[in-house]
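Text of the file target.txt, holding compact mmCIF, C-alpha atoms:
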# COMPACT_ATOMS: atom_id res chain seq x y z
CA MET A 24 -14.97 7.36 82.55
CA ASP A 25 -15.17 7.14 86.35
CA ILE A 26 -15.81 3.64 87.67
CA VAL A 27 -16.03 1.94 91.07
CA ILE A 28 -15.05 -1.69 91.62
CA GLY A 29 -16.30 -4.42 93.94
CA TYR A 30 -13.78 -7.27 94.22
CA ASP A 31 -15.05 -10.46 95.86
CA ILE A 32 -12.56 -13.20 96.66
CA ASN A 33 -12.88 -16.56 98.39
CA GLU A 34 -11.01 -19.84 98.58
CA TYR A 35 -12.16 -20.94 95.13
CA TYR A 36 -12.60 -17.90 92.90
CA ALA A 37 -12.71 -14.12 92.57
CA GLN A 38 -15.44 -12.00 91.00
CA ILE A 39 -15.09 -8.39 89.87
CA SER A 40 -18.11 -6.10 89.60
CA TYR A 41 -18.11 -2.55 88.28
CA ALA A 42 -20.46 0.43 88.05
CA ALA A 43 -20.49 3.99 86.79
CA GLU A 44 -22.36 6.70 88.70
CA GLY A 45 -26.08 5.99 88.75
CA ALA A 46 -25.72 2.55 87.15
CA GLU A 47 -26.40 -0.88 88.62
CA PRO A 48 -23.30 -3.03 89.30
CA GLU A 49 -22.45 -5.65 86.69
CA THR A 50 -20.07 -8.60 86.97
CA LEU A 51 -17.20 -8.60 84.48
CA GLN A 52 -16.60 -11.42 82.02
CA PHE A 53 -13.25 -11.92 80.27
CA PRO A 54 -14.05 -13.69 76.98
CA SER A 55 -10.61 -13.12 75.39
CA ARG A 56 -9.03 -15.00 78.30
CA LYS A 57 -11.77 -17.67 78.35
CA GLU A 58 -12.56 -16.62 81.90
CA SER A 59 -16.16 -16.48 83.08
CA GLY A 60 -17.18 -14.19 85.92
CA ASN A 61 -15.48 -16.63 88.32
CA ILE A 62 -11.68 -16.35 88.17
CA GLU A 63 -10.09 -19.29 89.94
CA THR A 64 -7.87 -18.08 92.79
CA ALA A 65 -4.77 -19.84 91.49
CA LEU A 66 -1.27 -18.99 90.25
CA CYS A 67 1.19 -21.21 88.45
CA LYS A 68 4.93 -20.64 88.08
CA ARG A 69 6.43 -22.07 84.90
CA ALA A 70 9.16 -24.58 85.71
CA GLY A 71 12.65 -23.11 85.64
CA VAL A 72 11.71 -19.50 84.80
CA ASN A 73 10.10 -16.57 86.59
CA GLN A 74 6.90 -16.63 84.54
CA TRP A 75 3.52 -16.73 86.27
CA PHE A 76 0.07 -17.67 85.02
CA CYS A 77 -3.21 -16.69 86.64
CA GLY A 78 -6.73 -18.05 86.97
CA LYS A 79 -7.97 -20.78 84.63
CA GLU A 80 -4.72 -20.69 82.65
CA ALA A 81 -2.76 -21.32 85.86
CA VAL A 82 -4.82 -24.42 86.62
CA LYS A 83 -4.40 -25.68 83.06
CA LYS A 84 -0.62 -25.20 83.13
CA GLY A 85 -0.33 -26.81 86.55
CA VAL A 86 -2.44 -29.86 85.66
CA SER A 87 -0.47 -30.41 82.45
CA GLY A 88 2.80 -30.42 84.40
CA GLU A 89 4.23 -27.25 82.85
CA GLY A 90 4.66 -25.52 86.20
CA TYR A 91 4.00 -25.41 89.93
CA LEU A 92 0.38 -24.70 90.85
CA VAL A 93 -0.67 -22.72 93.94
CA GLU A 94 -4.43 -22.89 94.52
CA HIS A 95 -6.83 -21.50 97.16
CA LEU A 96 -4.73 -18.35 97.58
CA TRP A 97 -7.10 -16.55 99.92
CA ARG A 98 -7.38 -19.53 102.26
CA LEU A 99 -3.57 -19.81 102.33
CA LEU A 100 -3.36 -16.15 103.36
CA GLY A 101 -5.09 -16.98 106.64
CA GLU A 102 -3.18 -20.24 107.24
CA GLN A 103 0.50 -19.70 106.46
CA GLU A 104 3.02 -16.99 105.68
CA THR A 105 5.09 -18.67 102.95
CA VAL A 106 5.06 -21.44 100.34
CA ILE A 107 8.07 -23.22 98.82
CA ILE A 108 8.29 -23.43 95.02
CA GLU A 109 11.41 -24.90 93.37
CA LYS A 110 13.33 -24.52 96.66
CA THR A 111 12.47 -20.80 96.79
CA GLU A 112 10.32 -19.32 99.55
CA TYR A 113 7.49 -16.98 98.51
CA ARG A 114 5.36 -14.91 100.85
CA VAL A 115 1.66 -15.71 100.46
CA THR A 116 0.83 -12.00 100.70
CA LYS A 117 3.08 -11.36 97.68
CA LEU A 118 1.35 -14.12 95.71
CA CYS A 119 -2.06 -12.67 96.58
CA ASN A 120 -0.76 -9.26 95.53
CA LEU A 121 0.34 -10.72 92.20
CA PHE A 122 -3.09 -12.29 91.69
CA LEU A 123 -4.83 -9.00 92.46
CA ALA A 124 -2.50 -7.06 90.17
CA ARG A 125 -3.01 -9.42 87.22
CA THR A 126 -6.78 -9.54 87.52
CA LEU A 127 -7.06 -5.77 87.93
CA GLN A 128 -4.96 -5.27 84.80
CA TRP A 129 -7.43 -7.51 83.00
CA THR A 130 -10.24 -5.41 84.48
CA LEU A 131 -8.87 -2.10 83.21
CA GLN A 132 -8.26 -3.53 79.75
CA ARG A 133 -11.73 -5.04 79.57
CA LEU A 134 -13.47 -1.87 80.79
CA GLU A 135 -11.60 0.31 78.31
CA GLU A 136 -12.62 -2.09 75.53
CA MET A 137 -16.24 -1.84 76.63
CA TYR A 138 -16.37 1.95 77.13
CA GLU A 139 -13.94 2.77 74.29
CA GLU A 140 -12.26 5.41 76.45
CA PRO A 141 -9.80 5.60 79.37
CA VAL A 142 -11.18 4.39 82.69
CA HIS A 143 -10.41 5.86 86.12
CA ILE A 144 -11.17 3.66 89.13
CA ARG A 145 -12.41 6.04 91.83
CA ALA A 146 -12.63 3.39 94.56
CA MET A 147 -12.36 -0.38 95.03
CA VAL A 148 -13.82 -2.41 97.89
CA LEU A 149 -12.25 -5.83 98.47
CA THR A 150 -14.61 -8.23 100.21
CA ALA A 151 -13.71 -11.76 101.23
CA GLU A 152 -14.74 -15.07 102.79
CA PRO A 153 -13.26 -16.40 104.94
CA TRP A 154 -12.23 -13.08 106.46
CA CYS A 155 -8.80 -13.19 108.08
CA GLU A 156 -7.20 -10.48 110.21
CA ARG A 157 -3.95 -10.97 108.29
CA ALA A 158 -5.60 -9.22 105.36
CA ARG A 159 -5.81 -6.01 107.41
CA GLU A 160 -2.40 -6.54 108.98
CA CYS A 161 -0.80 -7.01 105.55
CA ALA A 162 -3.01 -4.52 103.69
CA HIS A 163 -0.02 -2.50 102.45
CA GLU A 164 1.70 -5.58 101.05
CA LEU A 165 -1.53 -6.85 99.48
CA THR A 166 -2.26 -3.57 97.68
CA GLU A 167 1.28 -2.44 96.84
CA GLY A 168 1.78 -1.62 93.17
CA LEU A 169 -1.84 -2.20 92.12
CA PRO A 170 -3.25 0.00 89.33
CA ILE A 171 -5.36 1.80 91.98
CA GLU A 172 -4.00 4.19 94.61
CA ALA A 173 -3.77 2.51 98.02
CA GLU A 174 -5.94 5.18 99.67
CA ARG A 175 -8.76 4.28 97.24
CA ILE A 176 -8.79 0.60 98.27
CA PHE A 177 -10.99 -0.51 101.16
CA LEU A 178 -11.40 -3.91 102.85
CA GLN A 179 -14.63 -5.29 104.26
CA SER A 180 -16.32 -8.53 105.25
CA HIS A 181 -19.10 -10.35 103.41
CA GLU A 182 -21.56 -9.14 106.04
CA ASP A 183 -20.80 -5.51 105.13
CA SER A 184 -21.16 -6.27 101.41
CA LEU A 185 -24.41 -8.12 102.03
CA PHE A 186 -25.83 -5.08 103.81
CA SER A 187 -24.81 -2.77 100.95
CA TYR A 188 -26.42 -5.06 98.41
CA LEU A 189 -29.73 -5.48 100.21
CA VAL A 190 -30.37 -1.79 100.97
CA HIS A 191 -30.24 -1.12 97.23
CA GLN A 192 -32.91 -3.69 96.41
CA PRO A 193 -36.59 -2.78 95.77
CA GLN A 194 -38.47 -1.60 98.85
CA ARG A 195 -40.89 -4.55 98.70
CA LEU A 196 -37.99 -6.91 99.51
CA LEU A 197 -36.80 -4.96 102.54
CA GLY A 198 -39.04 -6.54 105.15
CA TYR A 199 -38.15 -7.26 108.74
CA GLU A 200 -35.93 -10.18 107.78
CA SER A 201 -34.12 -11.57 104.77
CA GLY A 202 -31.90 -14.62 104.47
CA VAL A 203 -28.91 -15.72 102.44
CA PHE A 204 -27.79 -19.34 101.99
CA ASP A 205 -24.24 -19.53 100.61
CA LEU A 206 -22.86 -22.76 99.13
CA THR A 207 -19.76 -21.33 97.50
CA GLY A 208 -17.66 -23.75 99.52
CA GLU A 209 -18.62 -27.22 100.65
CA THR A 210 -20.21 -26.13 103.96
CA LEU A 211 -23.39 -24.06 103.98
CA ILE A 212 -23.11 -20.55 105.41
CA SER A 213 -26.35 -18.80 106.34
CA TYR A 214 -26.92 -15.11 106.99
CA ARG A 215 -30.00 -13.74 108.74
CA ILE A 216 -30.52 -10.04 108.03
CA VAL A 217 -32.81 -8.25 110.48
CA MET A 218 -34.06 -4.71 109.82
CA ASN A 219 -35.71 -2.69 112.59
CA HIS A 220 -38.07 -0.40 110.68
CA LYS A 221 -39.16 1.26 113.93
CA THR A 222 -35.88 3.22 114.07
CA ARG A 223 -34.62 6.05 111.86
CA PRO A 224 -32.32 5.27 110.24
CA VAL A 225 -33.33 1.61 110.01
CA VAL A 226 -30.96 -0.39 112.22
CA THR A 227 -29.76 -3.53 110.43
CA THR A 228 -27.94 -6.53 111.89
CA VAL A 229 -26.54 -9.66 110.25
CA GLU A 230 -26.26 -13.04 112.00
CA LYS A 231 -23.84 -15.47 110.35
CA GLU A 232 -23.77 -19.23 110.91
CA TYR A 233 -21.58 -22.02 109.54
CA VAL A 234 -24.06 -24.88 109.19
CA THR A 235 -21.59 -27.73 109.69
CA GLY A 236 -24.24 -30.42 109.26
CA ILE A 237 -24.97 -29.39 105.66
CA VAL A 238 -22.01 -30.21 103.43
CA LYS A 239 -22.06 -30.53 99.64
CA LYS A 240 -18.78 -31.95 98.42
CA LYS A 241 -17.16 -30.72 95.24
CA HIS A 242 -16.50 -34.30 94.12
CA TYR A 243 -18.05 -37.70 94.84
CA ALA A 244 -16.59 -41.18 94.33
CA SER A 245 -19.36 -42.33 91.99
CA ILE A 246 -22.62 -41.27 90.37
CA ARG A 247 -24.50 -43.53 92.78
CA GLU A 248 -22.89 -41.86 95.80
CA HIS A 249 -23.51 -38.44 94.23
CA ASP A 250 -27.25 -39.08 93.80
CA ARG A 251 -27.67 -40.68 97.23
CA LYS A 252 -25.82 -37.91 99.08
CA LEU A 253 -27.75 -35.16 97.31
CA GLU A 254 -31.08 -36.76 98.23
CA GLU A 255 -29.98 -36.81 101.86
CA LEU A 256 -28.67 -33.27 101.60
CA ASP A 257 -31.99 -32.04 100.19
CA LEU A 258 -33.82 -33.33 103.27
CA LEU A 259 -31.24 -31.79 105.61
CA LEU A 260 -31.54 -28.43 103.85
CA LYS A 261 -35.32 -28.63 103.97
CA ALA A 262 -35.24 -29.21 107.73
CA TYR A 263 -32.80 -26.33 108.22
CA ALA A 264 -34.94 -24.01 106.06
CA GLU A 265 -37.99 -24.84 108.19
CA GLN A 266 -36.02 -24.03 111.33
CA PHE A 267 -34.60 -20.84 109.79
CA THR A 268 -38.01 -19.45 108.81
CA LYS A 269 -40.23 -20.83 111.60
CA GLY A 270 -42.10 -18.03 113.38
CA ARG A 271 -40.26 -15.41 111.32
CA ILE A 272 -41.36 -12.91 108.66
CA VAL A 273 -38.66 -13.62 106.08
CA THR A 274 -39.45 -11.50 103.02
CA ALA A 275 -36.74 -12.78 100.68
CA LEU A 276 -34.15 -15.56 100.48
CA TYR A 277 -31.04 -15.55 98.32
CA LEU A 278 -29.34 -18.79 97.26
CA ILE A 279 -25.78 -18.13 96.14
CA GLY A 280 -22.76 -20.20 95.21
CA GLU A 281 -22.10 -22.92 92.67
CA GLY A 282 -23.30 -25.52 95.17
CA PHE A 283 -26.88 -24.54 94.34
CA GLY A 284 -26.37 -25.42 90.69
CA GLY A 285 -28.68 -28.09 89.31
CA GLU A 286 -32.04 -29.27 90.64
CA TRP A 287 -31.00 -31.40 93.62
CA TYR A 288 -32.91 -29.39 96.29
CA LYS A 289 -36.52 -29.75 95.07
CA GLU A 290 -37.93 -30.63 98.48
CA SER A 291 -36.11 -27.70 100.09
CA LEU A 292 -37.58 -25.27 97.57
CA LYS A 293 -41.09 -26.13 98.77
CA VAL A 294 -40.15 -24.59 102.11
CA LEU A 295 -37.87 -21.85 100.81
CA CYS A 296 -40.48 -20.47 98.39
CA ARG A 297 -43.33 -20.47 100.91
CA ASN A 298 -44.78 -16.92 101.05
CA ARG A 299 -41.54 -15.23 100.02
CA LYS A 300 -39.35 -14.36 97.05
CA VAL A 301 -36.36 -16.61 96.37
CA PHE A 302 -33.45 -15.56 94.18
CA ALA A 303 -30.52 -17.60 92.88
CA GLY A 304 -27.11 -16.36 91.78
CA ASN A 305 -23.49 -16.14 92.82
CA ASN A 306 -22.45 -12.50 92.47
CA LEU A 307 -24.23 -10.91 95.43
CA PHE A 308 -21.12 -10.09 97.49
CA GLY A 309 -19.16 -8.57 94.58
CA LYS A 310 -22.10 -6.36 93.66
CA GLY A 311 -22.55 -5.42 97.31
CA ALA A 312 -18.89 -4.41 97.50
CA CYS A 313 -19.42 -2.35 94.34
CA TYR A 314 -22.36 -0.55 95.96
CA SER A 315 -20.11 0.11 98.98
CA ALA A 316 -17.46 1.62 96.73
CA GLY A 317 -20.08 3.84 95.11
CA MET A 318 -21.33 4.96 98.53
CA ARG A 319 -17.80 6.21 99.29
CA VAL A 320 -17.59 8.26 96.11
CA TRP A 321 -21.07 9.44 95.17
CA GLN A 322 -24.15 10.68 96.99
CA ASP A 323 -26.30 7.71 97.97
CA GLU A 324 -29.74 8.53 99.33
CA ALA A 325 -30.83 4.88 99.61
CA ALA A 326 -28.01 3.95 101.98
CA GLN A 327 -28.65 6.94 104.25
CA GLN A 328 -31.97 5.39 105.31
CA PHE A 329 -30.16 2.42 106.90
CA ILE A 330 -27.33 1.83 109.34
CA PHE A 331 -25.52 -1.47 109.74
CA PHE A 332 -24.44 -2.69 113.17
CA GLY A 333 -21.87 -5.32 112.34
CA LYS A 334 -19.26 -6.88 114.60
CA ASP A 335 -16.64 -4.45 113.25
CA MET A 336 -18.87 -1.40 113.66
CA LEU A 337 -17.83 1.37 116.05
CA ARG A 338 -20.62 1.89 118.56
CA TYR A 339 -19.40 5.15 120.09
CA ASN A 340 -19.14 8.76 118.97
CA VAL A 341 -15.92 10.36 120.19
CA GLY A 342 -15.39 14.12 120.21
CA ILE A 343 -13.56 16.95 121.91
CA ALA A 344 -14.40 20.51 122.96
CA MET A 345 -11.80 22.96 121.62
CA TRP A 346 -11.20 26.62 120.89
CA ARG A 347 -11.48 27.72 117.29
CA ASP A 348 -11.54 31.36 116.16
CA GLY A 349 -12.02 32.53 119.75
CA GLN A 350 -14.99 30.25 120.45
CA GLU A 351 -15.39 26.90 122.14
CA GLU A 352 -17.05 24.26 120.02
CA TYR A 353 -17.54 20.50 119.98
CA VAL A 354 -15.59 18.77 117.23
CA PRO A 355 -16.35 15.13 116.36
CA LEU A 356 -13.33 12.85 116.02
CA LEU A 357 -14.70 9.33 115.48
CA ASP A 358 -18.21 8.53 114.26
CA ALA A 359 -20.32 5.58 115.31
CA GLY A 360 -21.40 3.45 112.38
CA THR A 361 -17.97 3.32 110.74
CA ASN A 362 -15.77 0.22 110.78
CA TRP A 363 -13.42 0.43 113.77
CA TYR A 364 -10.36 -0.31 111.61
CA GLU A 365 -11.10 2.81 109.56
CA ALA A 366 -11.78 5.00 112.60
CA LYS A 367 -8.90 7.45 112.84
CA ALA A 368 -8.76 11.22 113.29
CA GLU A 369 -6.19 13.97 113.69
CA THR A 370 -6.80 17.55 114.81
CA VAL A 371 -4.94 20.63 116.08
CA PHE A 372 -6.47 22.91 118.71
CA MET A 373 -5.79 25.59 121.34
CA MET A 374 -5.96 24.81 125.06
CA GLU A 375 -6.94 27.12 127.89
CA ASP A 376 -4.50 25.37 130.20
CA ALA A 377 -2.09 22.50 129.92
CA GLU A 378 -3.38 20.16 132.62
CA THR A 379 -6.13 18.02 131.10
CA ILE A 380 -7.96 17.21 127.88
CA GLU A 381 -11.53 15.94 127.97
CA LEU A 382 -12.99 13.58 125.39
CA LEU A 383 -16.76 13.18 125.15
CA ILE A 384 -17.83 9.55 124.59
CA THR A 385 -21.40 8.95 123.43
CA PRO A 386 -22.58 5.32 123.11
CA ILE A 387 -25.22 4.76 120.44
CA ASP A 388 -27.17 2.37 122.65
CA GLY A 389 -28.58 5.33 124.56
CA SER A 390 -26.81 4.46 127.82
CA GLY A 391 -25.62 8.04 128.21
CA ALA A 392 -22.60 10.14 127.30
CA TYR A 393 -19.62 10.48 129.61
CA LYS A 394 -16.21 12.16 129.65
CA GLU A 395 -12.73 10.66 129.57
CA THR A 396 -10.13 12.97 131.10
CA LEU A 397 -6.58 12.79 129.77
CA CYS A 398 -4.16 14.08 132.39
CA LEU A 399 -1.09 15.78 130.92
CA PRO A 400 2.37 15.86 132.49
CA THR A 401 3.71 19.10 133.94
CA MET A 402 4.11 21.61 131.12
CA PRO A 403 6.11 24.88 131.11
CA GLU A 404 4.21 28.04 131.95
CA ARG A 405 2.79 29.98 129.03
CA PRO A 406 0.21 32.74 128.70
CA PHE A 407 -3.52 31.92 128.46
CA ARG A 408 -4.39 29.89 125.29
CA SER A 409 -0.83 29.71 124.04
CA PHE A 410 -0.70 25.94 124.00
CA ARG A 411 -1.30 24.61 120.49
CA MET A 412 -1.77 20.86 120.66
CA SER A 413 -2.26 18.06 118.15
CA LEU A 414 -4.29 14.98 118.94
CA THR A 415 -4.47 11.68 117.06
CA ALA A 416 -7.19 9.15 117.91
CA GLU A 417 -7.24 5.65 116.43
CA MET A 418 -9.26 2.55 117.31
CA GLN A 419 -7.27 -0.64 117.94
CA ASP A 420 -10.39 -2.82 117.90
CA GLY A 421 -14.09 -2.33 118.59
CA THR A 422 -13.60 -0.81 122.07
CA ASN A 423 -9.89 0.01 122.60
CA LEU A 424 -8.93 3.56 121.66
CA PHE A 425 -5.34 4.81 121.32
CA VAL A 426 -4.76 8.56 121.72
CA CYS A 427 -1.54 10.49 121.14
CA VAL A 428 -1.20 14.15 122.20
CA LYS A 429 1.70 16.41 121.19
CA ASP A 430 2.64 20.03 121.77
CA GLU A 431 2.97 21.81 118.40
CA GLY A 432 4.56 24.99 119.71
CA PHE A 433 3.25 28.49 119.02
CA GLY A 434 4.67 29.84 115.80
CA GLU A 435 8.00 31.60 116.34
CA ILE A 436 7.18 32.41 119.95
CA TYR A 437 7.38 28.92 121.48
CA ASP A 438 9.12 25.90 120.01
CA LYS A 439 7.26 22.60 120.09
CA LEU A 440 8.17 20.37 123.03
CA PRO A 441 9.99 17.12 122.13
CA ILE A 442 7.48 14.97 124.01
CA GLY A 443 4.38 12.97 123.16
CA MET A 444 1.72 11.67 125.54
CA THR A 445 -0.09 8.42 124.73
CA TYR A 446 -3.23 6.96 126.29
CA ASP A 447 -5.02 3.63 125.98
CA LEU A 448 -8.74 3.89 126.69
CA VAL A 449 -11.46 1.21 126.82
CA LEU A 450 -14.66 2.79 125.51
CA GLY A 451 -17.76 2.02 127.55
CA GLU A 452 -15.92 1.02 130.73
CA LYS A 453 -16.24 4.36 132.51
CA GLY A 454 -19.79 4.84 131.23
CA LYS A 455 -20.87 1.65 133.02
CA GLN A 456 -19.66 2.85 136.43

Please go through the file and, once you have read it, give me the structure as structure tokens.
Amino acid sequence: MDIVIGYDINEYYAQISYAAEGAEPETLQFPSRKESGNIETALCKRAGVNQWFCGKEAVKKGVSGEGYLVEHLWRLLGEQETVIIEKTEYRVTKLCNLFLARTLQWTLQRLEEMYEEPVHIRAMVLTAEPWCERARECAHELTEGLPIEAERIFLQSHEDSLFSYLVHQPQRLLGYESGVFDLTGETLISYRIVMNHKTRPVVTTVEKEYVTGIVKKKHYASIREHDRKLEELDLLLKAYAEQFTKGRIVTALYLIGEGFGGEWYKESLKVLCRNRKVFAGNNLFGKGACYSAGMRVWQDEAAQQFIFFGKDMLRYNVGIAMWRDGQEEYVPLLDAGTNWYEAKAETVFMMEDAETIELLITPIDGSGAYKETLCLPTMPERPFRSFRMSLTAEMQDGTNLFVCVKDEGFGEIYDKLPIGMTYDLVLGEKGKQ
């Protein structure tokens, strides 16, 4: 059975969603381990021995004094490199890797119980909040030894997962704007999703805001304080909802996170439900990541109608004109619309001369294509089209492109030269001149 996985992780818990081809994503439960869909992001090391517990069991062992509890693993990943347990230093990336490995082992066991046959995970998308650059920097260490090949694991932000989730919803919900209010943590996070239906494909953007004035604590000192604070919070949320929707055509709103549990926001609902659909739940990002994983493996007609312009999205097409089979042709290297950290290409081609290489840069904002000329150092003389070159192009961030060019020789006639030329380009700079 071929399966794709969406793995959502935050400071408090992880959720794992799965889907087979053509099926809607579902969030896994682990009844034999007494774990609900929310697995607490915690590990506990038993005192005196190298035995680790995970999730709810880790919290239980730590609270009872049987071991040393490490909570909020994903937040720690962005804040510090190591933790000290029983005078031993542990890398946080290794602890996160252990948490991922344990929970994915549970996942495989649970799926094989459900399907009653072996399960093959074709792709997994890990989505997270808060998103920290250390996750990409330490991706190898985070994914090392997991029961999924490293090349089948992809990282993305909550904004990307949100986009993937929404474009798979019924057409009636895909208006000009949608909104998401997230109270997974104590501070409200809002997302405004704007879809420009005048373009083909439909250009989609996501605006994210940490609403620092709206805070719902996990714990209060007393029942009286709890009730009083929630009444105040309801009025604050109502005012923010009025501001969020004023003068806007917001087709649907999604309320996610355990903070929206209970009935404390009755006044806010009067605004939230005004002329729009409102949905409650807490597994939107995991399911969105699962849709993203499916989009990487299987044909997905729904997603092809939309394109997401997120902050990590590459906004330039990069290509090169080269000789292949005696003809000159344009070959794309990097495609706009992909995440910049996944934008990498390698190619081998023949050159007419060994003086310059021209890259064609095409911004997607319509500002006009332009050429970047890479000047090569003096090369030895060779006959016409006897230079076989390799070129590697890789984005360093949203605009900085690194290019490496090497001579690959010409069979047994010319040995490859022991040199490599590197270039650092800023996309868009020359096009503005």

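Neighbouring residues of Tyr188 (chain A) at 8 Å or closer, counting only C-alpha atoms and skipping chain neighbours under 4 positions away, are Ser184, Gln192, Leu307, Phe308, Lys310, Gly311, Ala312 and Tyr314 of chain A.
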
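Proximity ranking of A:Phe302, A:Tyr233, A:Trp75, A:Phe331 relative to Tyr91 (chain A) places A:Trp75 first, based on all atoms listed in the file.
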
Contact residues around Gly45 (chain A) with all atoms listed in the file at 12 Å, ignoring same-chain residues under 3 positions, as a list in words | Asp25, Ile26, Val27, Tyr41, Ala42, Pro48, His191, Tyr314, Gly317, Met318, Val320, Trp321, Gln322, Asp323, Glu324 and Ala325 of chain A

Restricted to C-alpha atoms, what would the selected residues look like written as a PDB file, in the coordinates of the input?
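Writing the result to result-v9.pdb gives the following:
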ATOM      1  CA  ASP A  25     -15.170   7.140  86.350  1.00  0.00           C
ATOM      2  CA  ILE A  26     -15.810   3.640  87.670  1.00  0.00           C
ATOM      3  CA  VAL A  27     -16.030   1.940  91.070  1.00  0.00           C
ATOM      4  CA  TYR A  41     -18.110  -2.550  88.280  1.00  0.00           C
ATOM      5  CA  ALA A  42     -20.460   0.430  88.050  1.00  0.00           C
ATOM      6  CA  PRO A  48     -23.300  -3.030  89.300  1.00  0.00           C
ATOM      7  CA  HIS A 191     -30.240  -1.120  97.230  1.00  0.00           C
ATOM      8  CA  TYR A 314     -22.360  -0.550  95.960  1.00  0.00           C
ATOM      9  CA  GLY A 317     -20.080   3.840  95.110  1.00  0.00           C
ATOM     10  CA  MET A 318     -21.330   4.960  98.530  1.00  0.00           C
ATOM     11  CA  VAL A 320     -17.590   8.260  96.110  1.00  0.00           C
ATOM     12  CA  TRP A 321     -21.070   9.440  95.170  1.00  0.00           C
ATOM     13  CA  GLN A 322     -24.150  10.680  96.990  1.00  0.00           C
ATOM     14  CA  ASP A 323     -26.300   7.710  97.970  1.00  0.00           C
ATOM     15  CA  GLU A 324     -29.740   8.530  99.330  1.00  0.00           C
ATOM     16  CA  ALA A 325     -30.830   4.880  99.610  1.00  0.00           C
TER      17      ALA A 325
END

Residues at most 9 Å from Gln132 (chain A), counting only C-alpha atoms, excluding those fewer than 5 positions away in the same chain, as a list in words?
->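 Final neighbour list, sorted by chain and number: Leu127, Met137 and Val142 of chain A.
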
Considering all atoms listed in the file, state which residue in the set A:Thr130, A:Glu281, A:Phe329, A:Leu292 is at the smallest distance from Pro224 (chain A).
->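 Once distances to Pro224 (chain A) are computed over all atoms listed in the file, the minimum belongs to A:Phe329.
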
Of the candidates A:Val217, A:Leu92, A:Leu256, A:Ile144, which one gets nearest to Tyr288 (chain A) if we count only C-alpha atoms?
->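 Under the stated criterion, the closest residue is A:Leu256.
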
Name the residues in contact with Leu51 (chain A) at a cut-off of 10 Å, using only C-alpha atoms, excluding same-chain residues fewer than 4 positions from it; report them as a PyMOL selection string.
-> chain A and resi 38-41+58-61+129-130+133-134

Write out as a VMD selection string which residues come within 9 Å of Gly282 (chain A) when counting only C-alpha atoms, dropping same-chain ones fewer than 3 positions away.
-> chain A and resid 205 to 209 211 239 to 241 279 285

Minimum-distance residue to Val203 (chain A), chosen among A:Ile171, A:Leu448, A:Val115, A:Val273 (using all atoms listed in the file) | A:Val273

Restricting the calculation to only C-alpha atoms, which member of A:Ile62, A:Met374, A:Val226, A:Ile387 is positioned closest to Met412 (chain A)?
-> A:Met374

Return as a tab-separated table the residues of region 33-67 of chain A lying at most 9 Å from region 79-83 of chain A, together with the closest atom-to-atom pair for each and the distance in Å to one decimal, counting only C-alpha atoms, with rows in chain order and ascending residue number.
residue	atom	partner	partner_atom	distance
A:Arg56	CA	A:Glu80	CA	8.4
A:Lys57	CA	A:Lys79	CA	8.0
A:Glu58	CA	A:Lys79	CA	6.8
A:Ile62	CA	A:Lys79	CA	6.8
A:Glu63	CA	A:Lys79	CA	5.9
A:Thr64	CA	A:Lys79	CA	8.6
A:Ala65	CA	A:Ala81	CA	6.2
A:Leu66	CA	A:Ala81	CA	5.2
A:Cys67	CA	A:Ala81	CA	4.7

Grab the CA of Ala303 (chain A) to CA of Tyr277 (chain A) distance for me, in Å with one decimal place.
-> 5.8 Å

With only C-alpha atoms counted, which protein, DNA or RNA residues have an atom no more than 12 Å from (-23.3, -32.3, 107.5) in the file frame? Please answer as a list in words.
->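 Those residues lying close to the given coordinates are Glu209, Thr210, Leu211, Ile212, Tyr233, Val234, Thr235, Gly236, Ile237, Val238, Lys239, Lys240, Lys252, Leu253, Glu255, Leu256, Asp257, Leu258, Leu259, Leu260 and Tyr263 of chain A.
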
Atom pair CA of Lys439 (chain A) + CA of Ala416 (chain A), distance 19.9 Å

Separation of CA of Leu96 (chain A) and CA of Val229 (chain A), in Å?
->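 Separating CA of Leu96 (chain A) from CA of Val229 (chain A) is a distance of 26.7 Å.
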
Given the choices A:Gly78, A:Gly309, A:His143, A:Ser87, which gets closest to Arg125 (chain A) if the distance is worked out from all atoms listed in the file?
->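 Closest to Arg125 (chain A) of all the choices is A:Gly78.
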
Edge lengths and centre in Å to one decimal, as lines of an AutoDock Vina configuration file, is what I'm after for the box along x, y and z that holds all listed atoms of region 124-142 of chain A once 4 Å is added on each side.
center_x = -9.4
center_y = -2.0
center_z = 82.2
size_x = 21.9
size_y = 23.1
size_z = 23.9
